[in-house]
>>> print(open('data00.csv').read())   # CSV, C-alpha atoms
chain,number,residue,atom,x,y,z
N,1,MET,CA,0.0,0.0,0.0
N,2,ARG,CA,1.5,3.3,-1.0
N,3,GLU,CA,1.2,6.2,1.4
N,4,MET,CA,-0.1,9.6,0.3
N,5,ASN,CA,3.4,11.1,0.4
N,6,GLY,CA,4.8,8.5,-2.0
N,7,TYR,CA,6.8,6.5,0.5
N,8,ASP,CA,5.8,2.9,1.1
N,9,GLU,CA,7.2,0.8,4.0
N,10,GLU,CA,9.8,-0.9,1.7
N,11,ARG,CA,11.2,2.4,0.5
N,12,ILE,CA,11.3,3.8,4.0
N,13,GLY,CA,13.1,0.7,5.1
N,14,ARG,CA,15.7,1.1,2.3
N,15,LEU,CA,16.2,4.8,3.2
N,16,LEU,CA,16.6,4.0,6.9
N,17,ARG,CA,19.3,1.4,6.1
N,18,LEU,CA,21.3,4.2,4.3
N,19,LEU,CA,21.6,6.2,7.5
N,20,PRO,CA,24.6,5.7,9.7
N,21,PRO,CA,24.1,3.9,13.0
N,22,ALA,CA,23.0,5.9,16.0
N,23,PRO,CA,25.8,7.1,18.2
N,24,GLU,CA,26.5,4.7,21.0
N,25,GLY,CA,25.6,7.3,23.7
N,26,TRP,CA,22.2,7.7,22.2
N,27,VAL,CA,21.6,4.0,22.2
N,28,ARG,CA,22.8,3.6,25.8
N,29,ALA,CA,20.6,6.5,26.9
N,30,ALA,CA,17.6,5.0,25.2
N,31,GLN,CA,18.2,1.7,26.9
N,32,GLU,CA,18.6,3.4,30.3
N,33,LEU,CA,15.7,5.8,30.1
N,34,PRO,CA,12.8,3.4,31.1
N,35,ALA,CA,14.6,2.4,34.3
N,36,ALA,CA,15.5,6.0,35.1
N,37,ARG,CA,11.9,7.1,34.6
N,38,ALA,CA,10.6,4.4,36.9
N,39,ALA,CA,13.1,5.4,39.5
N,40,LEU,CA,12.1,9.1,39.1
N,41,ASP,CA,8.4,8.1,39.5
N,42,GLU,CA,9.2,6.2,42.7
N,43,LEU,CA,11.3,9.0,44.1
N,44,VAL,CA,8.6,11.6,43.3
N,45,ALA,CA,5.9,9.5,44.9
N,46,ARG,CA,8.0,9.0,48.0
N,47,ALA,CA,8.7,12.8,48.2
N,48,GLU,CA,5.0,13.5,47.9
N,49,GLN,CA,4.1,11.2,50.7
N,50,ASP,CA,7.1,11.7,53.0
N,51,ALA,CA,7.9,15.2,54.3
N,52,GLU,CA,11.2,14.1,55.9
N,53,PHE,CA,12.4,12.7,52.6
N,54,ARG,CA,11.3,15.9,50.8
N,55,LEU,CA,13.5,17.8,53.3
N,56,GLN,CA,16.4,15.5,52.6
N,57,LEU,CA,16.0,16.0,48.9
N,58,ARG,CA,16.1,19.7,49.3
N,59,ALA,CA,19.1,19.6,51.7
N,60,ASP,CA,21.3,17.3,49.6
N,61,LEU,CA,19.6,15.8,46.6
N,62,GLU,CA,22.3,13.5,45.4
N,63,ARG,CA,22.9,12.0,48.9
N,64,ALA,CA,19.1,11.5,49.4
N,65,VAL,CA,18.8,9.7,46.1
N,66,VAL,CA,21.7,7.4,47.0
N,67,ALA,CA,20.3,6.8,50.5
N,68,ALA,CA,17.0,5.8,48.9
N,69,GLY,CA,18.8,3.2,46.9
N,70,TYR,CA,19.0,4.9,43.5
N,71,GLU,CA,21.8,6.0,41.2
N,72,PRO,CA,21.8,9.9,41.1
N,73,SER,CA,22.0,10.0,37.3
N,74,PRO,CA,22.0,13.4,35.6
N,75,PHE,CA,18.5,12.7,34.3
N,76,ILE,CA,17.1,11.9,37.7
N,77,VAL,CA,18.9,14.8,39.5
N,78,SER,CA,17.9,17.4,36.9
N,79,ARG,CA,14.3,16.3,36.9
N,80,LEU,CA,14.0,16.2,40.7
N,81,ARG,CA,15.6,19.7,40.9
N,82,ARG,CA,13.1,21.1,38.5
N,83,LEU,CA,10.2,19.4,40.4
N,84,LEU,CA,11.5,20.7,43.8
N,85,GLU,CA,11.8,24.2,42.5
N,86,ALA,CA,8.3,24.1,41.2
N,87,VAL,CA,6.8,23.2,44.6
>>> encode(input="data00.csv", output="structure tokens")
Amino acid sequence: MREMNGYDEERIGRLLRLLPPAPEGWVRAAQELPAARAALDELVARAEQDAEFRLQLRADLERAVVAAGYEPSPFIVSRLRRLLEAV
């Protein structure tokens, strides 16, 4: 079936194969993102329910994340900082 723009699935597949591979850092980030998002969701939920944990995050975010059993990745730290600033 041909799409309205003139590109069918086979042609798109051929064109995609012509592209260079994605940089390794992009691939690694894409692989790590689901786990980082899950960790962020858990940390946010805990901060919403636990005032003491929220204070710990504000006092020393990276240390509080580690103490909670998570890796303080740049993604998690930057998102938590933004969320804490918004509250």
>>> residues_around(input="data00.csv", residues="segment 74-87 of chain N", least_positions_apart="4", cutoff="7 Å", atoms="all atoms listed in the file", output="list in words")
Ala36, Leu40 and Glu62 of chain N
>>> residues_near_point(input="data00.csv", point="(16.8, 12.1, 46.4)", cutoff="9 Å", atoms="all atoms listed in the file", output="ChimeraX atom specification")
/N:43-44,47,53-54,56-58,60-68,70,72,76-77,80
>>> atom_distance(input="data00.csv", atom1="atom CA of Ala39 of chain N", atom2="atom CA of Pro21 of chain N")
28.7 Å
>>> atom_distance(input="data00.csv", atom1="atom CA of Pro34 of chain N", atom2="atom CA of Arg14 of chain N")
29.0 Å
>>> build_atoms(input="data00.csv", residues="segment 51-70 of chain N", atoms="N, CA and C atoms", output="compact mmCIF listing (two decimals), in the coordinates of the input")
# COMPACT_ATOMS: atom_id res chain seq x y z
N ALA N 51 7.32 13.90 54.10
CA ALA N 51 7.90 15.20 54.30
C ALA N 51 9.34 15.22 54.65
N GLU N 52 9.74 14.26 55.46
CA GLU N 52 11.20 14.10 55.90
C GLU N 52 12.04 13.87 54.65
N PHE N 53 11.60 12.96 53.78
CA PHE N 53 12.40 12.70 52.60
C PHE N 53 12.43 13.89 51.67
N ARG N 54 11.35 14.63 51.59
CA ARG N 54 11.30 15.90 50.80
C ARG N 54 12.38 16.85 51.32
N LEU N 55 12.47 16.97 52.64
CA LEU N 55 13.50 17.80 53.30
C LEU N 55 14.90 17.35 52.94
N GLN N 56 15.09 16.04 52.98
CA GLN N 56 16.40 15.50 52.60
C GLN N 56 16.77 15.78 51.20
N LEU N 57 15.79 15.67 50.29
CA LEU N 57 16.00 16.00 48.90
C LEU N 57 16.46 17.45 48.73
N ARG N 58 15.79 18.32 49.45
CA ARG N 58 16.10 19.70 49.30
C ARG N 58 17.49 20.06 49.95
N ALA N 59 17.84 19.37 51.01
CA ALA N 59 19.10 19.60 51.70
C ALA N 59 20.31 19.10 50.89
N ASP N 60 20.21 17.89 50.37
CA ASP N 60 21.30 17.30 49.60
C ASP N 60 20.71 16.23 48.68
N LEU N 61 20.32 16.68 47.53
CA LEU N 61 19.60 15.80 46.60
C LEU N 61 20.29 14.55 46.24
N GLU N 62 21.54 14.66 45.83
CA GLU N 62 22.30 13.50 45.40
C GLU N 62 22.41 12.44 46.53
N ARG N 63 22.73 12.92 47.72
CA ARG N 63 22.90 12.00 48.90
C ARG N 63 21.56 11.34 49.21
N ALA N 64 20.46 12.10 49.15
CA ALA N 64 19.10 11.50 49.40
C ALA N 64 18.75 10.47 48.42
N VAL N 65 19.10 10.71 47.17
CA VAL N 65 18.80 9.70 46.10
C VAL N 65 19.57 8.44 46.35
N VAL N 66 20.85 8.58 46.67
CA VAL N 66 21.70 7.40 47.00
C VAL N 66 21.16 6.67 48.19
N ALA N 67 20.82 7.40 49.24
CA ALA N 67 20.30 6.80 50.50
C ALA N 67 19.00 6.04 50.21
N ALA N 68 18.25 6.50 49.22
CA ALA N 68 17.00 5.80 48.90
C ALA N 68 17.23 4.61 47.99
N GLY N 69 18.50 4.38 47.62
CA GLY N 69 18.80 3.20 46.90
C GLY N 69 18.87 3.36 45.35
N TYR N 70 19.01 4.61 44.90
CA TYR N 70 19.00 4.90 43.50
C TYR N 70 20.33 5.55 43.04
